[in-house]
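Asker: Attaching a single structure in structure tokens format; questions to follow.
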Amino acid sequence: MRQYSIDQVEVSWQGLSFKEGLAAGTSITESRNAPSWTQKVNGAVSKTVRIYNPDRSGTITITVDQESLLHQQLRALAEADVLARNVVGPMTVRDNSNDETMTYLNAHIASQPNETRGTDSSTFEWVFNFENFAKLPALGNANTVGT
């Protein structure tokens with residue numbers, strides 16, 4: 001078993017490090033647009049057939065502190081993308097808890113977050129679309145409890 005800590009996760013995209021702007025106590029959430037496999041029932045013989053779905057696209061949701069420089073930098077990139085429509089690139093998520101690296105290809109901001117104003121500082125969810133991803137299992141003993 002590994003000892004996990006979100007503080008050990010590093011995200012980078014478009015030359016930005018997300019380390020200082022991530023909201024404390026949050027997580028980074030990946031969501032696929034479609035499952036890797038679907039099944040169809042062949043009605044004539046009541047058997048199922050497994051079908052591979054090549055769609056590996058999805059979203060990454062990252063919660064950012066309202067007061068962080070990262071939030072302002074992401075706003076600037078979102079505005080630049082409206083003008084140039086070219087702020088797209090790989091997003092890398094490195095989990096030092098287990099030596100795992102995930103790369104999300106052709107990542108881009110889906111939309112700027114809906115913001116609220118109040119008497120306290122808030123957090124905002126930035127959602128990024130991605131086209132494909134590359135990740136391999138971390139099979140080593142990195143950060144294993146008891147070693």
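Ordered as shown in the structure tokens, chains take letters A, B, and onward, while each chain numbers its residues from 1 and ligands are numbered from 1 in the order shown.
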Could you give me the residues within region 10-147 of chain A that DSSP places in helix (DSSP H, G or I), as a PyMOL selection string?

Answerer: chain A and resi 69-84

Asker: Go ahead and write the residues just picked, C-alpha atoms, as a short mmCIF file (atom, residue, chain, number, x, y, z; two decimals), in the first residue's frame.

Answerer:
data_model
loop_
_atom_site.label_atom_id
_atom_site.label_comp_id
_atom_site.auth_asym_id
_atom_site.auth_seq_id
_atom_site.Cartn_x
_atom_site.Cartn_y
_atom_site.Cartn_z
CA LEU A 69 -1.93 33.91 -9.51
CA LEU A 70 -2.77 30.67 -11.32
CA HIS A 71 -6.44 31.69 -11.53
CA GLN A 72 -5.45 35.00 -13.17
CA GLN A 73 -3.03 33.26 -15.54
CA LEU A 74 -5.74 30.80 -16.60
CA ARG A 75 -8.14 33.70 -17.21
CA ALA A 76 -5.51 35.33 -19.44
CA LEU A 77 -5.01 32.09 -21.39
CA ALA A 78 -8.78 31.67 -21.78
CA GLU A 79 -9.04 35.17 -23.25
CA ALA A 80 -6.05 34.55 -25.53
CA ASP A 81 -7.76 31.37 -26.74
CA VAL A 82 -10.90 33.34 -27.64
CA LEU A 83 -8.80 35.62 -29.85
CA ALA A 84 -6.34 33.16 -31.36
#

Asker: Excluding Ile60 (chain A) and any residue of its chain fewer than 2 positions from it, enumerate the residues within 7 Å of it, using only C-alpha atoms, and give them as a list in words.

Answerer: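 So, after excluding close chain neighbours, the residues are Ile28, Thr29, Glu30, Ser31, Ile62, Val127, Phe128 and Asn129 of chain A.
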
Asker: Keeping only N, CA and C atoms, write those residues as a short mmCIF file (atom, residue, chain, number, x, y, z; two decimals), in the first residue's frame.

Answerer:
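File written: again07.cif
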data_model
loop_
_atom_site.label_atom_id
_atom_site.label_comp_id
_atom_site.auth_asym_id
_atom_site.auth_seq_id
_atom_site.Cartn_x
_atom_site.Cartn_y
_atom_site.Cartn_z
N ILE A 28 -7.90 16.29 -8.24
CA ILE A 28 -7.95 16.50 -9.69
C ILE A 28 -8.79 15.36 -10.24
N THR A 29 -9.83 15.70 -10.98
CA THR A 29 -10.79 14.68 -11.42
C THR A 29 -10.74 14.51 -12.92
N GLU A 30 -10.49 13.29 -13.34
CA GLU A 30 -10.55 12.92 -14.76
C GLU A 30 -11.90 12.28 -15.02
N SER A 31 -12.49 12.62 -16.16
CA SER A 31 -13.76 12.02 -16.54
C SER A 31 -13.72 11.71 -18.03
N ILE A 62 -10.04 20.80 -12.33
CA ILE A 62 -9.05 21.21 -11.33
C ILE A 62 -9.60 22.39 -10.56
N VAL A 127 -12.30 23.52 -16.00
CA VAL A 127 -12.50 22.26 -16.72
C VAL A 127 -11.75 22.33 -18.04
N PHE A 128 -10.96 21.31 -18.28
CA PHE A 128 -10.16 21.20 -19.50
C PHE A 128 -10.63 19.98 -20.28
N ASN A 129 -10.81 20.14 -21.58
CA ASN A 129 -11.08 19.00 -22.47
C ASN A 129 -9.75 18.41 -22.90
#

Asker: Report, in Å to a single decimal, how far apart CA of Arg85 (chain A) and CA of Asp55 (chain A) are.

Answerer: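 Distance reported for this atom pair: 23.0 Å.
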
Asker: Would you please extract all strand (DSSP E or B) residues from region 11-141 of chain A, as assigned by DSSP on the backbone, and give them as a VMD selection string?

Answerer: chain A and resid 11 to 13 16 to 17 22 28 to 32 37 to 42 47 to 52 58 to 65 89 to 95 100 to 111 123 to 130 132 to 135

Asker: Go ahead and write the residues just picked, C-alpha atoms, as a PDB file, in the first residue's frame.

Answerer:
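And here is the file that came out, selection_19.pdb:
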ATOM      1  CA  VAL A  11       0.156  19.643 -12.874  1.00  0.00           C
ATOM      2  CA  SER A  12       1.627  21.592 -15.765  1.00  0.00           C
ATOM      3  CA  TRP A  13       0.067  23.005 -18.923  1.00  0.00           C
ATOM      4  CA  LEU A  16       2.208  26.963 -16.014  1.00  0.00           C
ATOM      5  CA  SER A  17       2.786  25.037 -12.816  1.00  0.00           C
ATOM      6  CA  LEU A  22      -4.494  24.327  -6.394  1.00  0.00           C
ATOM      7  CA  ILE A  28      -7.949  16.501  -9.687  1.00  0.00           C
ATOM      8  CA  THR A  29     -10.785  14.679 -11.418  1.00  0.00           C
ATOM      9  CA  GLU A  30     -10.551  12.922 -14.756  1.00  0.00           C
ATOM     10  CA  SER A  31     -13.762  12.018 -16.542  1.00  0.00           C
ATOM     11  CA  ARG A  32     -13.897  10.056 -19.768  1.00  0.00           C
ATOM     12  CA  TRP A  37     -15.720  -1.007 -24.153  1.00  0.00           C
ATOM     13  CA  THR A  38     -19.428  -1.385 -24.792  1.00  0.00           C
ATOM     14  CA  GLN A  39     -21.424  -4.522 -25.262  1.00  0.00           C
ATOM     15  CA  LYS A  40     -24.185  -5.365 -27.671  1.00  0.00           C
ATOM     16  CA  VAL A  41     -26.574  -8.251 -27.395  1.00  0.00           C
ATOM     17  CA  ASN A  42     -26.955 -10.482 -30.413  1.00  0.00           C
ATOM     18  CA  LYS A  47     -24.959 -13.663 -26.617  1.00  0.00           C
ATOM     19  CA  THR A  48     -23.130 -10.412 -25.977  1.00  0.00           C
ATOM     20  CA  VAL A  49     -20.397  -8.994 -28.130  1.00  0.00           C
ATOM     21  CA  ARG A  50     -17.737  -6.695 -26.684  1.00  0.00           C
ATOM     22  CA  ILE A  51     -16.958  -3.667 -28.882  1.00  0.00           C
ATOM     23  CA  TYR A  52     -13.905  -1.439 -28.454  1.00  0.00           C
ATOM     24  CA  GLY A  58     -12.662  13.471 -21.741  1.00  0.00           C
ATOM     25  CA  THR A  59     -12.277  16.248 -19.207  1.00  0.00           C
ATOM     26  CA  ILE A  60      -9.982  17.145 -16.330  1.00  0.00           C
ATOM     27  CA  THR A  61     -11.464  19.268 -13.540  1.00  0.00           C
ATOM     28  CA  ILE A  62      -9.050  21.207 -11.333  1.00  0.00           C
ATOM     29  CA  THR A  63     -10.139  23.343  -8.380  1.00  0.00           C
ATOM     30  CA  VAL A  64      -8.167  26.597  -8.133  1.00  0.00           C
ATOM     31  CA  ASP A  65      -8.067  29.237  -5.395  1.00  0.00           C
ATOM     32  CA  GLY A  89      -1.308  21.474 -25.720  1.00  0.00           C
ATOM     33  CA  PRO A  90      -0.399  18.525 -23.529  1.00  0.00           C
ATOM     34  CA  MET A  91      -1.290  18.627 -19.845  1.00  0.00           C
ATOM     35  CA  THR A  92       0.979  16.622 -17.581  1.00  0.00           C
ATOM     36  CA  VAL A  93      -0.087  15.315 -14.191  1.00  0.00           C
ATOM     37  CA  ARG A  94       2.786  13.882 -12.167  1.00  0.00           C
ATOM     38  CA  ASP A  95       1.922  11.975  -8.999  1.00  0.00           C
ATOM     39  CA  GLU A 100       3.023   7.918 -12.039  1.00  0.00           C
ATOM     40  CA  THR A 101       2.838  10.397 -14.916  1.00  0.00           C
ATOM     41  CA  MET A 102      -0.266  10.993 -17.006  1.00  0.00           C
ATOM     42  CA  THR A 103      -0.270  13.055 -20.176  1.00  0.00           C
ATOM     43  CA  TYR A 104      -3.499  14.414 -21.594  1.00  0.00           C
ATOM     44  CA  LEU A 105      -3.079  15.297 -25.257  1.00  0.00           C
ATOM     45  CA  ASN A 106      -4.485  18.412 -26.916  1.00  0.00           C
ATOM     46  CA  ALA A 107      -5.808  19.779 -23.631  1.00  0.00           C
ATOM     47  CA  HIS A 108      -7.644  23.093 -23.730  1.00  0.00           C
ATOM     48  CA  ILE A 109      -9.914  25.122 -21.477  1.00  0.00           C
ATOM     49  CA  ALA A 110     -13.516  24.027 -21.972  1.00  0.00           C
ATOM     50  CA  SER A 111     -14.858  27.290 -20.559  1.00  0.00           C
ATOM     51  CA  THR A 123     -12.482  28.284  -5.233  1.00  0.00           C
ATOM     52  CA  PHE A 124     -13.329  27.825  -8.878  1.00  0.00           C
ATOM     53  CA  GLU A 125     -13.397  24.692 -10.994  1.00  0.00           C
ATOM     54  CA  TRP A 126     -11.465  24.938 -14.217  1.00  0.00           C
ATOM     55  CA  VAL A 127     -12.501  22.264 -16.717  1.00  0.00           C
ATOM     56  CA  PHE A 128     -10.165  21.195 -19.500  1.00  0.00           C
ATOM     57  CA  ASN A 129     -11.079  19.005 -22.466  1.00  0.00           C
ATOM     58  CA  PHE A 130      -8.559  16.495 -23.760  1.00  0.00           C
ATOM     59  CA  ASN A 132      -6.481  11.420 -25.739  1.00  0.00           C
ATOM     60  CA  PHE A 133      -4.310  10.340 -22.822  1.00  0.00           C
ATOM     61  CA  ALA A 134      -1.248   8.289 -22.061  1.00  0.00           C
ATOM     62  CA  LYS A 135      -0.768   6.708 -18.669  1.00  0.00           C
TER      63      LYS A 135
END

Asker: Which of these residues is nearest to Gly15 (chain A), using only C-alpha atoms: A:Glu131, A:Arg117, A:Val87, A:Arg56?

Answerer: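 Comparing A:Glu131, A:Arg117, A:Val87, A:Arg56 against Gly15 (chain A), the winner is A:Val87.
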
Asker: Taking only C-alpha atoms into account, name the residue in A:Gln66, A:Asn96, A:Asn33, A:Asn86 that is nearest to Glu115 (chain A).

Answerer: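 Of the candidates, the smallest distance to Glu115 (chain A) is held by A:Gln66.
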
Asker: With only C-alpha atoms as the basis for distance, which of A:Thr119, A:Asn53, A:Gln112, A:Ser97 is at the shortest distance from Ser5 (chain A)?

Answerer: A:Ser97

Asker: When you count only C-alpha atoms, which of these residues is closest to Lys19 (chain A): A:Asp7, A:Asp120, A:Asp99, A:Glu67?

Answerer: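 For Lys19 (chain A), the nearest of the candidates is A:Asp7.
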